[in-house]
Structure formats: structure tokens, C-alpha cells
Amino acid sequence: MKDVGSKPETRRSARASCVLHAPAGCITRLREANTDKGDALKTARVAGILAAKRTDELIPLCHPLPIYRADIDFDLADTSVKVIATVETIGPTGVEMEALTAASLAALTLYDMLKPHCQPAELRITDTHLEEKKGGKSQFGRKLRVAADAQVIVLSDTVAAGRKPDTAGRAVEAALSKAGFAKVGYEVIADEPDDLRQRIDAAIEAGTALIITVGGTGVSPRDCTVETVTPYLLQPLPGLMEAARAFGQRRTPYAALSRGVAGYARNNSLIVTCPGSRGGASETMAAIQPALIHLIEVCRPGKPHPGGYQ
């Protein structure tokens, strides 16, 4: 199975449909709830809902998901019935297969209950397809449509002294490049407030859209990032780090120890502070990347915007 443990959970939905073709007399039986086996539409609705909830047992590589909504609707015509399945979840992966499975099994249930009333050749299921999906990266973008600049500043005494390689900052740099940032600056400095202030001032004056520090958010005597960055935040955005800590907390209890902050500085530069471990930095980026993209593309301090959640 594909590893989805590093993907953030979002509200996701999918709608799928298929069409069962049948003689007019069979469609009349559906309308009248009159088949040898009982009310076919009610039975098919239950079958479709159960199929959505058990898709991971039927399709080998599907992930089990909490199903918060599963509905089956029917659109009856003269010689056909369209089966429409709608499924919703809050999870790290979508419910397209759950919706497709639900529509298919509901149609198969109708087929089974109608076959005593016509010839086999008169029944056929066609046009099984996904009509719509929402949530995840298709709705909450993880890549810039218009390129912007970013600066990664790694704070680590040991990395700056050459005693160990940097992996956390490089992971953030790679994530930003993949997200469509055209120019990603990268530098390593020791845990010195004056050095950090110098780098931040330079990035702000250059009009850098996003400044990310990596390291110095913990509780050791040399961790100075939070105290140094906080005075720059003219418009704090505490929700970013709350989201990152909540995301990380589900993966390691040490995530609660990060004191990271974020917000807008002068010149509309967005500053974010990441932990100094590769895992912590990567999880922070996974948790807040859609929000960062939205902030850079749509939001600016004092600028009205249409919002991004429905």
C-alpha cells in the first residue's frame, strides 16, 4: 500500500455513477417496489452504502477510511436507472474508489433483483465513472501557479561548524522547489541572533515572499530563533504553527516541544520557523504547505480576498 502517513487530513468527497439498462416493465417494478425479492431500490441503497464502507476489503490496495457520509440516489428513466453514489470522509486520501464501488454494487444489486423478470440480455450496466471529487491537492493546492522567491535559513552550531550534514534544511529547500518556488535561497549559520537578524533583514529588503528558518525552536540555551523572529511579526499567524504541532503530535510526542512562530513581517514577507530535525521540518511543511500557497497567492495584510474554504 502507498504510504499516506505524511499527508494532511482534509475533508474529501466523491460522486460516481453508472447506468443499469432494463426493459420498461422492470423499471415499473422498481417504481412500485415490486420484485420477487422485495423493494429493489431500498435494498440496492443499503448494498451501496455497505460497499462504500468496505471498499478496502474488496480492493486490495485501498486504504481503510472513516466514512462520514454515503448516499445512493436513483434517477429512473423509461428503460434505465442511473445510480449515483456520494461518499465523504476526512482523511489523508480520497474516496473515489469508495464512490465507484458503491455505485457499482448498488447497480449489481438491482441487476440481481430484476433478472427473474426479464431475459439476461435485456440487462446491462454501462458508463461507470467518477463525476466529481473534492478535497486534497485537487482543491487545496500544494504548488504555486505563479512563481515566487523563498529563503531557507538553517540555524545549527554543529552544521555551521561542519560537524554534521544538514538534512532538515535541505528537505525544506526541496519541498519549496517542488512547490513551484522559482528561486530558493539556502544558507547555514550558527545559533546567533545577530547573524539571523542580518539574514532576515536582507531577505525582507529583497522582497522575498517566504522566509523559512530551520532550527532553534526548541528549549536549549542556544535556541534563539523564536525570540529573534517574534519582533519581526507585524501580523502573527499562530494557526500555522498550531496546525504543524497538531500534525506532528500524531506522529511523535516531541512535536509539542516546538516553540515555532509564524506571521507577516514588513514588506509583506511571510516568515515561518521550522524545527531543526528532518522529521519535524518535513512534517511542518506537509501540514502547512497548502496554507502557505494560499497566503502567498491570495492573501496579503489588509487585502480583501474571497477565502478558500467551502
# chains A, B, ... in the order shown; residues from 1 in each chain; ligands from 1

call {"tool": "residues_around", "arguments": {"residues": "Gly279 (chain A)", "least_positions_apart": "5", "cutoff": "9 Å", "atoms": "only C-alpha atoms", "output": "VMD selection string"}}
result
chain A and resid 168 248 284

call {"tool": "write_last_selection", "arguments": {"atoms": "all heavy atoms", "output": "compact mmCIF listing (two decimals), in the first residue's frame"}}
result
# COMPACT_ATOMS: atom_id res chain seq x y z
N ALA A 168 17.59 18.64 7.47
CA ALA A 168 16.30 19.31 7.66
C ALA A 168 16.14 20.49 6.69
O ALA A 168 15.11 20.61 6.01
CB ALA A 168 16.19 19.80 9.11
N GLY A 248 2.24 17.08 13.79
CA GLY A 248 3.39 16.35 14.31
C GLY A 248 3.08 15.53 15.54
O GLY A 248 3.64 14.45 15.74
N THR A 284 6.24 19.71 9.33
CA THR A 284 5.73 21.08 9.34
C THR A 284 5.35 21.51 7.93
O THR A 284 4.27 22.09 7.71
CB THR A 284 6.78 22.04 9.91
OG1 THR A 284 7.02 21.71 11.29
CG2 THR A 284 6.32 23.49 9.82

call {"tool": "residues_around", "arguments": {"residues": "Leu123 (chain A)", "least_positions_apart": "6", "cutoff": "9 Å", "atoms": "only C-alpha atoms", "output": "list in words"}}
result
Leu20, His21, Ala22, Pro23, Tyr111, Leu114 and Lys115 of chain A

call {"tool": "write_last_selection", "arguments": {"atoms": "N, CA, C and O atoms", "output": "JSON list (two decimals), in the first residue's frame"}}
result
[["chain", "number", "residue", "atom", "x", "y", "z"],
["A", 20, "LEU", "N", -27.93, 1.33, -15.24],
["A", 20, "LEU", "CA", -28.47, -0.01, -15.48],
["A", 20, "LEU", "C", -29.59, 0.11, -16.51],
["A", 20, "LEU", "O", -30.57, 0.82, -16.29],
["A", 21, "HIS", "N", -29.42, -0.58, -17.64],
["A", 21, "HIS", "CA", -30.44, -0.59, -18.69],
["A", 21, "HIS", "C", -31.31, -1.83, -18.49],
["A", 21, "HIS", "O", -30.80, -2.92, -18.26],
["A", 22, "ALA", "N", -32.63, -1.64, -18.60],
["A", 22, "ALA", "CA", -33.57, -2.73, -18.35],
["A", 22, "ALA", "C", -34.87, -2.46, -19.12],
["A", 22, "ALA", "O", -35.15, -1.30, -19.49],
["A", 23, "PRO", "N", -35.67, -3.48, -19.36],
["A", 23, "PRO", "CA", -36.96, -3.28, -20.04],
["A", 23, "PRO", "C", -37.87, -2.36, -19.22],
["A", 23, "PRO", "O", -37.73, -2.23, -18.00],
["A", 111, "TYR", "N", -29.54, -5.36, -10.61],
["A", 111, "TYR", "CA", -29.44, -6.40, -11.64],
["A", 111, "TYR", "C", -29.92, -7.74, -11.09],
["A", 111, "TYR", "O", -30.74, -8.45, -11.71],
["A", 114, "LEU", "N", -33.70, -7.84, -10.51],
["A", 114, "LEU", "CA", -34.54, -7.73, -11.70],
["A", 114, "LEU", "C", -34.41, -8.91, -12.65],
["A", 114, "LEU", "O", -35.29, -9.14, -13.50],
["A", 115, "LYS", "N", -33.34, -9.69, -12.53],
["A", 115, "LYS", "CA", -33.11, -10.75, -13.52],
["A", 115, "LYS", "C", -34.20, -11.82, -13.58],
["A", 115, "LYS", "O", -34.39, -12.42, -14.64]]

call {"tool": "residues_around", "arguments": {"residues": "region 222-232 of chain A", "least_positions_apart": "4", "cutoff": "9 Å", "atoms": "only C-alpha atoms", "output": "list of chain:residue names"}}
result
A:Leu155, A:Asp157, A:Asp191, A:Glu192, A:Pro193, A:Asp194, A:Leu196, A:Arg197, A:Ile200, A:Thr213, A:Val214, A:Gly215, A:Gly216, A:Thr217, A:Gly218, A:Pro236, A:Arg259, A:Gly260, A:Val261, A:Ala262, A:Gly263, A:Tyr264, A:Ala265, A:Arg266, A:Ile271, A:Val272, A:Thr273

call {"tool": "write_last_selection", "arguments": {"atoms": "C-alpha atoms", "output": "PDB file, in the first residue's frame"}}
result
ATOM      1  CA  LEU A 155      20.419  27.607  12.343  1.00  0.00           C
ATOM      2  CA  ASP A 157      26.063  25.305  15.573  1.00  0.00           C
ATOM      3  CA  ASP A 191      22.670  29.897  16.505  1.00  0.00           C
ATOM      4  CA  GLU A 192      23.495  33.586  16.769  1.00  0.00           C
ATOM      5  CA  PRO A 193      20.678  36.169  16.973  1.00  0.00           C
ATOM      6  CA  ASP A 194      22.662  38.921  15.252  1.00  0.00           C
ATOM      7  CA  LEU A 196      19.857  35.640  11.965  1.00  0.00           C
ATOM      8  CA  ARG A 197      18.640  39.240  12.099  1.00  0.00           C
ATOM      9  CA  ILE A 200      16.142  38.180   7.763  1.00  0.00           C
ATOM     10  CA  THR A 213      14.102  29.312   9.352  1.00  0.00           C
ATOM     11  CA  VAL A 214      15.059  25.754  10.258  1.00  0.00           C
ATOM     12  CA  GLY A 215      16.246  25.030  13.792  1.00  0.00           C
ATOM     13  CA  GLY A 216      16.410  26.906  17.049  1.00  0.00           C
ATOM     14  CA  THR A 217      12.763  26.398  18.029  1.00  0.00           C
ATOM     15  CA  GLY A 218      13.443  24.099  20.984  1.00  0.00           C
ATOM     16  CA  PRO A 236       1.251  36.892  13.651  1.00  0.00           C
ATOM     17  CA  ARG A 259       8.017  26.824  20.090  1.00  0.00           C
ATOM     18  CA  GLY A 260       7.795  27.820  16.436  1.00  0.00           C
ATOM     19  CA  VAL A 261       6.050  31.036  15.355  1.00  0.00           C
ATOM     20  CA  ALA A 262       4.910  32.452  12.017  1.00  0.00           C
ATOM     21  CA  GLY A 263       3.462  35.600  10.509  1.00  0.00           C
ATOM     22  CA  TYR A 264       3.861  38.519   8.147  1.00  0.00           C
ATOM     23  CA  ALA A 265       6.773  40.898   8.513  1.00  0.00           C
ATOM     24  CA  ARG A 266       7.241  44.243   6.797  1.00  0.00           C
ATOM     25  CA  ILE A 271       8.197  34.181   7.979  1.00  0.00           C
ATOM     26  CA  VAL A 272       7.829  30.584   9.204  1.00  0.00           C
ATOM     27  CA  THR A 273      10.022  28.812  11.770  1.00  0.00           C
TER      28      THR A 273
END

call {"tool": "select_by_dssp", "arguments": {"residues": "region 209-242 of chain A", "states": "alpha helix (DSSP H)", "output": "list in words"}}
result
Thr225, Val226, Glu227, Thr228, Val229, Pro238, Gly239, Leu240, Met241 and Glu242 of chain A

call {"tool": "closest_residue", "arguments": {"among": "A:Val219, A:Val146, A:Val159, A:Val46", "to": "Ala179 (chain A)", "atoms": "only C-alpha atoms"}}
result
A:Val146

call {"tool": "closest_residue", "arguments": {"among": "A:Asp71, A:Glu122, A:Glu187, A:Glu205", "to": "Ala47 (chain A)", "atoms": "only C-alpha atoms"}}
result
A:Asp71
